[in-house]
Each structure stands twice: as C-alpha cells, then as structure tokens.
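J.: Structure file model18.cif (mmCIF, N, CA and C atoms) right here:
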```cif
data_input
#
loop_
_atom_site.label_atom_id
_atom_site.label_comp_id
_atom_site.auth_asym_id
_atom_site.auth_seq_id
_atom_site.Cartn_x
_atom_site.Cartn_y
_atom_site.Cartn_z
N MET A 1 29.22 24.23 1.10
CA MET A 1 29.76 23.04 0.50
C MET A 1 28.67 22.10 0.03
N PHE A 2 27.60 21.91 0.83
CA PHE A 2 26.55 20.97 0.45
C PHE A 2 25.47 21.63 -0.39
N GLY A 3 25.28 22.92 -0.28
CA GLY A 3 24.27 23.60 -1.08
C GLY A 3 22.88 23.43 -0.52
N LYS A 4 21.92 24.07 -1.18
CA LYS A 4 20.54 24.05 -0.70
C LYS A 4 19.91 22.67 -0.80
N ALA A 5 20.20 21.93 -1.88
CA ALA A 5 19.58 20.62 -2.05
C ALA A 5 19.95 19.68 -0.91
N ALA A 6 21.22 19.68 -0.51
CA ALA A 6 21.65 18.81 0.58
C ALA A 6 20.99 19.24 1.89
N ALA A 7 20.82 20.53 2.09
CA ALA A 7 20.20 21.02 3.31
C ALA A 7 18.74 20.60 3.41
N ARG A 8 18.08 20.40 2.28
CA ARG A 8 16.66 20.01 2.27
C ARG A 8 16.45 18.51 2.35
N SER A 9 17.53 17.73 2.34
CA SER A 9 17.33 16.29 2.26
C SER A 9 17.89 15.51 3.45
N GLY A 10 18.16 16.16 4.56
CA GLY A 10 18.69 15.48 5.73
C GLY A 10 17.62 14.71 6.47
N PRO A 11 18.03 13.94 7.49
CA PRO A 11 17.09 13.08 8.22
C PRO A 11 15.93 13.80 8.88
N GLY A 12 16.10 15.04 9.32
CA GLY A 12 15.02 15.75 9.99
C GLY A 12 14.18 16.60 9.08
N THR A 13 14.49 16.65 7.81
CA THR A 13 13.75 17.46 6.85
C THR A 13 12.54 16.70 6.34
N PRO A 14 11.57 17.39 5.75
CA PRO A 14 10.42 16.67 5.17
C PRO A 14 10.83 15.60 4.16
N LYS A 15 11.80 15.89 3.30
CA LYS A 15 12.27 14.90 2.33
C LYS A 15 12.91 13.71 3.04
N GLY A 16 13.72 13.98 4.05
CA GLY A 16 14.36 12.90 4.79
C GLY A 16 13.35 12.03 5.51
N VAL A 17 12.35 12.65 6.11
CA VAL A 17 11.28 11.91 6.78
C VAL A 17 10.51 11.06 5.76
N GLY A 18 10.22 11.66 4.60
CA GLY A 18 9.51 10.93 3.55
C GLY A 18 10.31 9.75 3.02
N ASP A 19 11.60 9.95 2.81
CA ASP A 19 12.46 8.86 2.33
C ASP A 19 12.51 7.72 3.34
N ALA A 20 12.62 8.06 4.62
CA ALA A 20 12.64 7.03 5.67
C ALA A 20 11.31 6.28 5.73
N ALA A 21 10.21 7.01 5.59
CA ALA A 21 8.89 6.38 5.60
C ALA A 21 8.74 5.43 4.41
N GLU A 22 9.19 5.85 3.24
CA GLU A 22 9.12 4.98 2.06
C GLU A 22 9.95 3.73 2.25
N ALA A 23 11.13 3.87 2.84
CA ALA A 23 11.99 2.71 3.08
C ALA A 23 11.32 1.74 4.05
N LEU A 24 10.70 2.26 5.10
CA LEU A 24 9.98 1.42 6.06
C LEU A 24 8.80 0.72 5.39
N ALA A 25 8.04 1.46 4.59
CA ALA A 25 6.90 0.88 3.88
C ALA A 25 7.37 -0.21 2.91
N LEU A 26 8.46 0.05 2.21
CA LEU A 26 8.98 -0.93 1.26
C LEU A 26 9.38 -2.22 1.98
N ARG A 27 10.07 -2.12 3.10
CA ARG A 27 10.45 -3.31 3.87
C ARG A 27 9.20 -4.08 4.31
N HIS A 28 8.19 -3.35 4.76
CA HIS A 28 6.96 -3.99 5.23
C HIS A 28 6.26 -4.74 4.08
N LEU A 29 6.14 -4.09 2.95
CA LEU A 29 5.46 -4.71 1.81
C LEU A 29 6.24 -5.91 1.27
N ARG A 30 7.55 -5.78 1.21
CA ARG A 30 8.38 -6.92 0.77
C ARG A 30 8.24 -8.09 1.73
N ALA A 31 8.18 -7.80 3.02
CA ALA A 31 8.02 -8.86 4.02
C ALA A 31 6.69 -9.59 3.86
N HIS A 32 5.73 -8.92 3.22
CA HIS A 32 4.42 -9.52 2.98
C HIS A 32 4.28 -10.04 1.55
N GLY A 33 5.42 -10.25 0.87
CA GLY A 33 5.42 -10.94 -0.41
C GLY A 33 5.32 -10.09 -1.66
N LEU A 34 5.28 -8.77 -1.54
CA LEU A 34 5.22 -7.92 -2.72
C LEU A 34 6.63 -7.63 -3.22
N ASP A 35 6.76 -7.45 -4.53
CA ASP A 35 8.04 -7.13 -5.15
C ASP A 35 8.01 -5.69 -5.65
N LEU A 36 9.12 -5.00 -5.49
CA LEU A 36 9.23 -3.63 -5.98
C LEU A 36 9.38 -3.64 -7.50
N VAL A 37 8.54 -2.82 -8.16
CA VAL A 37 8.65 -2.62 -9.60
C VAL A 37 9.41 -1.32 -9.86
N THR A 38 8.97 -0.24 -9.22
CA THR A 38 9.68 1.03 -9.34
C THR A 38 9.33 1.91 -8.14
N ARG A 39 10.16 2.90 -7.93
CA ARG A 39 10.01 3.80 -6.80
C ARG A 39 9.95 5.23 -7.31
N ASN A 40 9.09 6.04 -6.72
CA ASN A 40 8.96 7.47 -7.06
C ASN A 40 8.74 7.69 -8.56
N TYR A 41 7.70 7.06 -9.09
CA TYR A 41 7.36 7.26 -10.50
C TYR A 41 6.68 8.61 -10.63
N ARG A 42 7.31 9.52 -11.38
CA ARG A 42 6.80 10.88 -11.52
C ARG A 42 6.41 11.17 -12.96
N VAL A 43 5.35 11.93 -13.09
CA VAL A 43 4.91 12.41 -14.40
C VAL A 43 5.14 13.91 -14.40
N ALA A 44 6.01 14.36 -15.28
CA ALA A 44 6.38 15.78 -15.32
C ALA A 44 5.30 16.61 -16.00
N ARG A 45 5.10 17.79 -15.46
CA ARG A 45 4.21 18.77 -16.08
C ARG A 45 5.04 19.86 -16.73
N GLY A 46 6.19 20.08 -16.18
CA GLY A 46 7.10 21.09 -16.69
C GLY A 46 8.48 20.81 -16.15
N PRO A 47 9.44 21.67 -16.42
CA PRO A 47 10.80 21.38 -15.98
C PRO A 47 10.99 21.35 -14.47
N HIS A 48 10.12 22.02 -13.70
CA HIS A 48 10.30 22.06 -12.26
C HIS A 48 9.07 21.62 -11.47
N ALA A 49 8.10 21.04 -12.13
CA ALA A 49 6.88 20.63 -11.44
C ALA A 49 6.45 19.27 -11.98
N HIS A 50 5.72 18.52 -11.15
CA HIS A 50 5.18 17.26 -11.64
C HIS A 50 3.68 17.23 -11.43
N ALA A 51 3.02 16.56 -12.36
CA ALA A 51 1.57 16.48 -12.32
C ALA A 51 1.10 15.34 -11.43
N GLY A 52 1.98 14.37 -11.21
CA GLY A 52 1.60 13.25 -10.38
C GLY A 52 2.80 12.41 -10.00
N GLU A 53 2.64 11.65 -8.93
CA GLU A 53 3.72 10.77 -8.47
C GLU A 53 3.12 9.59 -7.72
N VAL A 54 3.73 8.44 -7.92
CA VAL A 54 3.42 7.24 -7.15
C VAL A 54 4.67 6.91 -6.35
N ASP A 55 4.53 6.81 -5.03
CA ASP A 55 5.70 6.54 -4.20
C ASP A 55 6.32 5.19 -4.50
N LEU A 56 5.50 4.15 -4.51
CA LEU A 56 5.98 2.79 -4.77
C LEU A 56 5.03 2.10 -5.73
N VAL A 57 5.60 1.43 -6.71
CA VAL A 57 4.81 0.54 -7.57
C VAL A 57 5.30 -0.86 -7.24
N MET A 58 4.38 -1.69 -6.75
CA MET A 58 4.71 -3.03 -6.27
C MET A 58 3.90 -4.05 -7.07
N ARG A 59 4.33 -5.31 -7.00
CA ARG A 59 3.58 -6.38 -7.64
C ARG A 59 3.31 -7.49 -6.62
N GLU A 60 2.03 -7.87 -6.53
CA GLU A 60 1.62 -9.00 -5.69
C GLU A 60 2.05 -10.29 -6.38
N PRO A 61 2.19 -11.38 -5.62
CA PRO A 61 2.53 -12.66 -6.24
C PRO A 61 1.55 -13.10 -7.33
N ASP A 62 0.28 -12.68 -7.23
CA ASP A 62 -0.71 -13.05 -8.26
C ASP A 62 -0.65 -12.16 -9.49
N GLY A 63 0.29 -11.20 -9.53
CA GLY A 63 0.45 -10.33 -10.68
C GLY A 63 -0.21 -8.97 -10.56
N THR A 64 -1.02 -8.77 -9.52
CA THR A 64 -1.68 -7.48 -9.33
C THR A 64 -0.64 -6.39 -9.15
N LEU A 65 -0.80 -5.30 -9.89
CA LEU A 65 0.07 -4.14 -9.76
C LEU A 65 -0.51 -3.23 -8.69
N VAL A 66 0.31 -2.85 -7.73
CA VAL A 66 -0.15 -2.08 -6.58
C VAL A 66 0.55 -0.73 -6.57
N PHE A 67 -0.24 0.34 -6.68
CA PHE A 67 0.28 1.71 -6.61
C PHE A 67 0.13 2.16 -5.17
N VAL A 68 1.26 2.49 -4.54
CA VAL A 68 1.26 2.75 -3.10
C VAL A 68 1.61 4.20 -2.80
N GLU A 69 0.75 4.85 -2.03
CA GLU A 69 1.02 6.18 -1.49
C GLU A 69 1.47 5.98 -0.05
N VAL A 70 2.61 6.56 0.31
CA VAL A 70 3.16 6.45 1.65
C VAL A 70 3.01 7.81 2.33
N ARG A 71 2.44 7.80 3.53
CA ARG A 71 2.28 9.03 4.31
C ARG A 71 2.77 8.80 5.72
N ALA A 72 3.47 9.77 6.27
CA ALA A 72 3.97 9.66 7.64
C ALA A 72 3.65 10.94 8.41
N ARG A 73 3.26 10.77 9.64
CA ARG A 73 3.00 11.87 10.56
C ARG A 73 3.61 11.51 11.91
N ARG A 74 3.94 12.52 12.68
CA ARG A 74 4.52 12.29 14.01
C ARG A 74 3.58 11.51 14.90
N ASP A 75 2.27 11.79 14.77
CA ASP A 75 1.26 11.10 15.58
C ASP A 75 -0.04 11.12 14.79
N ASP A 76 -1.10 10.62 15.40
CA ASP A 76 -2.37 10.56 14.67
C ASP A 76 -3.30 11.73 14.98
N ALA A 77 -2.73 12.81 15.49
CA ALA A 77 -3.53 14.02 15.72
C ALA A 77 -4.05 14.53 14.36
N HIS A 78 -5.17 15.17 14.38
CA HIS A 78 -5.79 15.73 13.16
C HIS A 78 -6.09 14.65 12.14
N GLY A 79 -6.40 13.45 12.58
CA GLY A 79 -6.79 12.39 11.67
C GLY A 79 -5.67 11.48 11.25
N GLY A 80 -4.44 11.86 11.45
CA GLY A 80 -3.31 11.00 11.13
C GLY A 80 -2.92 11.01 9.67
N ALA A 81 -1.98 10.14 9.35
CA ALA A 81 -1.38 10.10 8.02
C ALA A 81 -2.39 9.76 6.92
N ALA A 82 -3.21 8.77 7.15
CA ALA A 82 -4.16 8.35 6.11
C ALA A 82 -5.15 9.46 5.78
N ALA A 83 -5.57 10.19 6.79
CA ALA A 83 -6.55 11.27 6.58
C ALA A 83 -5.96 12.44 5.80
N SER A 84 -4.63 12.49 5.71
CA SER A 84 -4.00 13.60 5.00
C SER A 84 -4.00 13.42 3.49
N ILE A 85 -4.54 12.31 3.01
CA ILE A 85 -4.60 12.06 1.57
C ILE A 85 -5.96 12.52 1.07
N GLY A 86 -5.99 13.73 0.59
CA GLY A 86 -7.23 14.32 0.11
C GLY A 86 -7.51 14.00 -1.35
N ALA A 87 -8.58 14.56 -1.86
CA ALA A 87 -9.00 14.29 -3.24
C ALA A 87 -7.94 14.72 -4.24
N ALA A 88 -7.31 15.86 -4.04
CA ALA A 88 -6.29 16.34 -4.99
C ALA A 88 -5.10 15.39 -5.04
N LYS A 89 -4.67 14.88 -3.89
CA LYS A 89 -3.55 13.94 -3.85
C LYS A 89 -3.92 12.64 -4.54
N ARG A 90 -5.13 12.15 -4.28
CA ARG A 90 -5.59 10.92 -4.94
C ARG A 90 -5.60 11.11 -6.45
N GLU A 91 -6.07 12.25 -6.91
CA GLU A 91 -6.09 12.53 -8.36
C GLU A 91 -4.69 12.51 -8.96
N ARG A 92 -3.70 13.07 -8.25
CA ARG A 92 -2.33 13.08 -8.77
C ARG A 92 -1.74 11.67 -8.81
N VAL A 93 -2.05 10.85 -7.82
CA VAL A 93 -1.58 9.46 -7.82
C VAL A 93 -2.24 8.69 -8.96
N ILE A 94 -3.53 8.85 -9.13
CA ILE A 94 -4.26 8.17 -10.21
C ILE A 94 -3.74 8.62 -11.57
N TYR A 95 -3.49 9.91 -11.73
CA TYR A 95 -2.95 10.43 -12.99
C TYR A 95 -1.62 9.76 -13.32
N ALA A 96 -0.72 9.68 -12.34
CA ALA A 96 0.58 9.06 -12.56
C ALA A 96 0.42 7.56 -12.84
N ALA A 97 -0.49 6.89 -12.14
CA ALA A 97 -0.71 5.46 -12.37
C ALA A 97 -1.22 5.21 -13.79
N ARG A 98 -2.14 6.02 -14.25
CA ARG A 98 -2.66 5.86 -15.62
C ARG A 98 -1.54 6.07 -16.64
N HIS A 99 -0.71 7.05 -16.38
CA HIS A 99 0.44 7.30 -17.26
C HIS A 99 1.36 6.09 -17.27
N TYR A 100 1.63 5.52 -16.12
CA TYR A 100 2.47 4.34 -16.01
C TYR A 100 1.87 3.17 -16.79
N LEU A 101 0.57 2.97 -16.64
CA LEU A 101 -0.10 1.83 -17.30
C LEU A 101 -0.10 1.95 -18.82
N ARG A 102 -0.11 3.17 -19.33
CA ARG A 102 -0.08 3.36 -20.79
C ARG A 102 1.20 2.82 -21.40
N ARG A 103 2.26 2.69 -20.63
CA ARG A 103 3.53 2.18 -21.12
C ARG A 103 3.54 0.66 -21.26
N LEU A 104 2.58 -0.01 -20.64
CA LEU A 104 2.55 -1.47 -20.63
C LEU A 104 1.80 -2.01 -21.84
N GLY A 105 2.19 -3.19 -22.29
CA GLY A 105 1.49 -3.82 -23.40
C GLY A 105 0.08 -4.23 -23.04
N SER A 106 -0.09 -4.83 -21.88
CA SER A 106 -1.42 -5.20 -21.40
C SER A 106 -1.50 -4.77 -19.93
N VAL A 107 -2.69 -4.39 -19.54
CA VAL A 107 -2.90 -3.86 -18.19
C VAL A 107 -3.29 -4.99 -17.24
N PRO A 108 -2.47 -5.22 -16.21
CA PRO A 108 -2.81 -6.25 -15.22
C PRO A 108 -3.86 -5.72 -14.24
N PRO A 109 -4.39 -6.58 -13.38
CA PRO A 109 -5.24 -6.08 -12.31
C PRO A 109 -4.43 -5.08 -11.48
N CYS A 110 -5.09 -4.03 -11.01
CA CYS A 110 -4.40 -2.97 -10.26
C CYS A 110 -5.23 -2.57 -9.04
N ARG A 111 -4.53 -1.95 -8.09
CA ARG A 111 -5.22 -1.34 -6.97
C ARG A 111 -4.34 -0.23 -6.39
N PHE A 112 -4.97 0.60 -5.56
CA PHE A 112 -4.28 1.71 -4.90
C PHE A 112 -4.28 1.45 -3.40
N ASP A 113 -3.09 1.31 -2.84
CA ASP A 113 -2.93 1.09 -1.40
C ASP A 113 -2.32 2.33 -0.76
N VAL A 114 -2.47 2.43 0.53
CA VAL A 114 -1.84 3.47 1.32
C VAL A 114 -1.09 2.80 2.46
N VAL A 115 0.15 3.23 2.68
CA VAL A 115 0.86 2.85 3.90
C VAL A 115 0.93 4.12 4.72
N ALA A 116 0.24 4.10 5.86
CA ALA A 116 0.17 5.25 6.76
C ALA A 116 1.01 4.97 7.99
N ILE A 117 1.92 5.89 8.28
CA ILE A 117 2.79 5.73 9.43
C ILE A 117 2.52 6.89 10.38
N ASP A 118 1.98 6.55 11.54
CA ASP A 118 1.68 7.55 12.58
C ASP A 118 2.59 7.24 13.77
N GLY A 119 3.65 8.04 13.91
CA GLY A 119 4.64 7.77 14.95
C GLY A 119 5.32 6.45 14.65
N SER A 120 5.17 5.48 15.54
CA SER A 120 5.79 4.16 15.33
C SER A 120 4.79 3.13 14.82
N ARG A 121 3.55 3.55 14.54
CA ARG A 121 2.50 2.61 14.09
C ARG A 121 2.35 2.68 12.58
N LEU A 122 2.51 1.54 11.93
CA LEU A 122 2.36 1.43 10.47
C LEU A 122 1.05 0.72 10.17
N SER A 123 0.26 1.30 9.27
CA SER A 123 -0.99 0.67 8.83
C SER A 123 -0.94 0.53 7.31
N TRP A 124 -1.21 -0.66 6.83
CA TRP A 124 -1.25 -0.91 5.38
C TRP A 124 -2.72 -1.01 4.99
N LEU A 125 -3.19 -0.05 4.25
CA LEU A 125 -4.59 0.02 3.83
C LEU A 125 -4.69 -0.44 2.39
N ARG A 126 -5.09 -1.68 2.21
CA ARG A 126 -5.23 -2.25 0.87
C ARG A 126 -6.49 -1.67 0.21
N ALA A 127 -6.38 -1.39 -1.08
CA ALA A 127 -7.51 -0.85 -1.86
C ALA A 127 -8.10 0.36 -1.15
N ALA A 128 -7.24 1.27 -0.74
CA ALA A 128 -7.65 2.45 0.03
C ALA A 128 -8.53 3.40 -0.79
N PHE A 129 -8.31 3.43 -2.09
CA PHE A 129 -9.16 4.24 -2.97
C PHE A 129 -9.09 3.64 -4.36
N ASP A 130 -9.99 4.09 -5.23
CA ASP A 130 -9.99 3.56 -6.59
C ASP A 130 -9.98 4.71 -7.60
N ALA A 131 -9.87 4.33 -8.85
CA ALA A 131 -9.70 5.34 -9.91
C ALA A 131 -11.02 5.80 -10.51
N SER A 132 -12.13 5.40 -9.93
CA SER A 132 -13.41 5.81 -10.52
C SER A 132 -13.82 7.21 -10.11
#
```
Turn this file's structure into structure tokens for me.

T.:
Amino acid sequence: MFGKAAARSGPGTPKGVGDAAEALALRHLRAHGLDLVTRNYRVARGPHAHAGEVDLVMREPDGTLVFVEVRARRDDAHGGAAASIGAAKRERVIYAARHYLRRLGSVPPCRFDVVAIDGSRLSWLRAAFDAS
C-alpha cells in the first residue's frame, strides 16, 4: 500500500533521521534570528541524480546568505557528524550554492555553516568551510 518510497522515509530510516535533524537545525537557527530562504536546494545532474544540494539556505538579519549543511550521527564516535563532511561533500554543497547565487541579481555576503548533531548535542559551526 505504501510502496518503496514510503518505506524509505519513516522515522527510523536515514531519510527520516535526516528530515528530523534538518527540522531541529532549522528551529535552532530561527531561534538565533536567521530566516529560512529555502530548504533542500538541489541541482540536478540527470533525471535520478543530483550534482549538489544545500540542506538549508538561511538569511542573517544583516543580509548574509548562509548555506547550511546538516549532519546527524547517533554519537560522536569516529569523529562525529562534523567530521563526516569530507571534501567531496563540501564540493557538492559549494556547487549547489554557486548555482543558487547565479539566479540572484546581486550576490550578498555569504558563508557556509554546518549544524552537527551528535546524539542529543547540537553544534552550530559558523563559517565551517569556504568556497576557495
């Protein structure tokens, strides 16, 4: 009745865990004065694959556009959530952010943040990486 897609998106699935982590990160960032611009901005490479994705695009009160990668892990073993963002993942986030910025008339100040959730501990890493 629910099919494969529904089976992959429940609370205990990787997608369900990711959705819950994004919702928690969004609440945290909003509580600190950021506004949501868009969620899950994807750049398609083909009909079933994407070349890049930004979990959350937020705006600071000063106008800075913040591209946020959200990562969640059960605990901080093996370096934790933040350590799981390798060079390839950063490149995909940067690729999607550049694509997003090309749609704008003028480019505001920008930065790349990470919200890392290890168990019940949330860490907001401002300017976690850059596009250089």

J.: Using only C-alpha atoms, find the one residue out of A:Ala51, A:Ala81, A:Ala20, A:Ala44 that sits nearest to Ile117 (chain A).

T.: A:Ala81

J.: Using DSSP on the backbone coordinates, identify the residues of chain A assigned to strand (DSSP E or B); present them as a ChimeraX atom specification.

T.: /A:35-46,49-59,65-73,110-118,121-129

J.: Please, which residues are within 6 Å of (7.5, 11.4, 7.9) by the file's coordinates, counting only C-alpha atoms, and could they come as a PyMOL selection string?

T.: chain A and resi 17-18+21+72-73

J.: Could you work out how far atom C of Arg121 (chain A) lies from atom C of Pro109 (chain A), giving the answer in Å with one decimal?

T.: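 That distance, rounded to one decimal, is 26.2 Å.
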
J.: How would you write, as a PDB file with N, CA and C atoms, keeping the file's coordinate frame, the residues chosen by the PyMOL selection byres (((chain A and resi 80 and name CA) around 12) and name CA) on this structure?

T.:
```
ATOM      1  N   ARG A  71       2.440   7.800   3.530  1.00  0.00           N
ATOM      2  CA  ARG A  71       2.280   9.030   4.310  1.00  0.00           C
ATOM      3  C   ARG A  71       2.770   8.800   5.720  1.00  0.00           C
ATOM      4  N   ALA A  72       3.470   9.770   6.270  1.00  0.00           N
ATOM      5  CA  ALA A  72       3.970   9.660   7.640  1.00  0.00           C
ATOM      6  C   ALA A  72       3.650  10.940   8.410  1.00  0.00           C
ATOM      7  N   ARG A  73       3.260  10.770   9.640  1.00  0.00           N
ATOM      8  CA  ARG A  73       3.000  11.870  10.560  1.00  0.00           C
ATOM      9  C   ARG A  73       3.610  11.510  11.910  1.00  0.00           C
ATOM     10  N   ARG A  74       3.940  12.520  12.680  1.00  0.00           N
ATOM     11  CA  ARG A  74       4.520  12.290  14.010  1.00  0.00           C
ATOM     12  C   ARG A  74       3.580  11.510  14.900  1.00  0.00           C
ATOM     13  N   ASP A  75       2.270  11.790  14.770  1.00  0.00           N
ATOM     14  CA  ASP A  75       1.260  11.100  15.580  1.00  0.00           C
ATOM     15  C   ASP A  75      -0.040  11.120  14.790  1.00  0.00           C
ATOM     16  N   ASP A  76      -1.100  10.620  15.400  1.00  0.00           N
ATOM     17  CA  ASP A  76      -2.370  10.560  14.670  1.00  0.00           C
ATOM     18  C   ASP A  76      -3.300  11.730  14.980  1.00  0.00           C
ATOM     19  N   ALA A  77      -2.730  12.810  15.490  1.00  0.00           N
ATOM     20  CA  ALA A  77      -3.530  14.020  15.720  1.00  0.00           C
ATOM     21  C   ALA A  77      -4.050  14.530  14.360  1.00  0.00           C
ATOM     22  N   HIS A  78      -5.170  15.170  14.380  1.00  0.00           N
ATOM     23  CA  HIS A  78      -5.790  15.730  13.160  1.00  0.00           C
ATOM     24  C   HIS A  78      -6.090  14.650  12.140  1.00  0.00           C
ATOM     25  N   GLY A  79      -6.400  13.450  12.580  1.00  0.00           N
ATOM     26  CA  GLY A  79      -6.790  12.390  11.670  1.00  0.00           C
ATOM     27  C   GLY A  79      -5.670  11.480  11.250  1.00  0.00           C
ATOM     28  N   ALA A  81      -1.980  10.140   9.350  1.00  0.00           N
ATOM     29  CA  ALA A  81      -1.380  10.100   8.020  1.00  0.00           C
ATOM     30  C   ALA A  81      -2.390   9.760   6.920  1.00  0.00           C
ATOM     31  N   ALA A  82      -3.210   8.770   7.150  1.00  0.00           N
ATOM     32  CA  ALA A  82      -4.160   8.350   6.110  1.00  0.00           C
ATOM     33  C   ALA A  82      -5.150   9.460   5.780  1.00  0.00           C
ATOM     34  N   ALA A  83      -5.570  10.190   6.790  1.00  0.00           N
ATOM     35  CA  ALA A  83      -6.550  11.270   6.580  1.00  0.00           C
ATOM     36  C   ALA A  83      -5.960  12.440   5.800  1.00  0.00           C
ATOM     37  N   SER A  84      -4.630  12.490   5.710  1.00  0.00           N
ATOM     38  CA  SER A  84      -4.000  13.600   5.000  1.00  0.00           C
ATOM     39  C   SER A  84      -4.000  13.420   3.490  1.00  0.00           C
ATOM     40  N   ILE A  85      -4.540  12.310   3.010  1.00  0.00           N
ATOM     41  CA  ILE A  85      -4.600  12.060   1.570  1.00  0.00           C
ATOM     42  C   ILE A  85      -5.960  12.520   1.070  1.00  0.00           C
ATOM     43  N   VAL A 115       0.150   3.230   2.680  1.00  0.00           N
ATOM     44  CA  VAL A 115       0.860   2.850   3.900  1.00  0.00           C
ATOM     45  C   VAL A 115       0.930   4.120   4.720  1.00  0.00           C
ATOM     46  N   ALA A 116       0.240   4.100   5.860  1.00  0.00           N
ATOM     47  CA  ALA A 116       0.170   5.250   6.760  1.00  0.00           C
ATOM     48  C   ALA A 116       1.010   4.970   7.990  1.00  0.00           C
ATOM     49  N   ILE A 117       1.920   5.890   8.280  1.00  0.00           N
ATOM     50  CA  ILE A 117       2.790   5.730   9.430  1.00  0.00           C
ATOM     51  C   ILE A 117       2.520   6.890  10.380  1.00  0.00           C
ATOM     52  N   ASP A 118       1.980   6.550  11.540  1.00  0.00           N
ATOM     53  CA  ASP A 118       1.680   7.550  12.580  1.00  0.00           C
ATOM     54  C   ASP A 118       2.590   7.240  13.770  1.00  0.00           C
ATOM     55  N   GLY A 119       3.650   8.040  13.910  1.00  0.00           N
ATOM     56  CA  GLY A 119       4.640   7.770  14.950  1.00  0.00           C
ATOM     57  C   GLY A 119       5.320   6.450  14.650  1.00  0.00           C
ATOM     58  N   ARG A 121       3.550   3.550  14.540  1.00  0.00           N
ATOM     59  CA  ARG A 121       2.500   2.610  14.090  1.00  0.00           C
ATOM     60  C   ARG A 121       2.350   2.680  12.580  1.00  0.00           C
ATOM     61  N   LEU A 122       2.510   1.540  11.930  1.00  0.00           N
ATOM     62  CA  LEU A 122       2.360   1.430  10.470  1.00  0.00           C
ATOM     63  C   LEU A 122       1.050   0.720  10.170  1.00  0.00           C
ATOM     64  N   SER A 123       0.260   1.300   9.270  1.00  0.00           N
ATOM     65  CA  SER A 123      -0.990   0.670   8.830  1.00  0.00           C
ATOM     66  C   SER A 123      -0.940   0.530   7.310  1.00  0.00           C
TER      67      SER A 123
END
```

J.: Kindly give the distance, in Å, that separates atom C of Leu125 (chain A) and atom N of Asp113 (chain A), rounded to a single decimal.

T.: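 According to the coordinates, atom C of Leu125 (chain A) and atom N of Asp113 (chain A) are separated by 5.7 Å.
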
J.: Quick check, in Å to one decimal: how far apart do CA of His99 (chain A) and CA of Val43 (chain A) lie?

T.: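 Straight-line distance from CA of His99 (chain A) to CA of Val43 (chain A) works out to 7.4 Å.
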
J.: Between A:Ala131, A:Leu36, A:Gly86, A:Leu65, which is the closest to Val107 (chain A) once you count all atoms listed in the file?

T.: A:Leu65

J.: Given all atoms listed in the file as the basis, pick out the residue of A:Val70, A:Leu101, A:Met58, A:Ala96 nearest to Arg42 (chain A).

T.: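 Smallest distance to Arg42 (chain A) is found for A:Ala96.
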
J.: Could you pull out the helix (DSSP H, G or I) residues of region 38-106 of chain A from DSSP and send them as a VMD selection string?

T.: chain A and resid 77 to 83 87 to 102

J.: Can you translate the PyMOL selection byres (((chain A and resi 40 and name CA) around 10) and name CA) into the concrete residues it hits in this file, as a VMD selection string?

T.: chain A and resid 22 38 to 39 41 to 43 52 to 57 68 to 69

J.: Exactly which residues make up the result of the PyMOL selection byres (((chain A and resi 61 and name CA) around 10) and name CA) on this file, given as a PyMOL selection string?

T.: chain A and resi 32-35+58-60+62-65
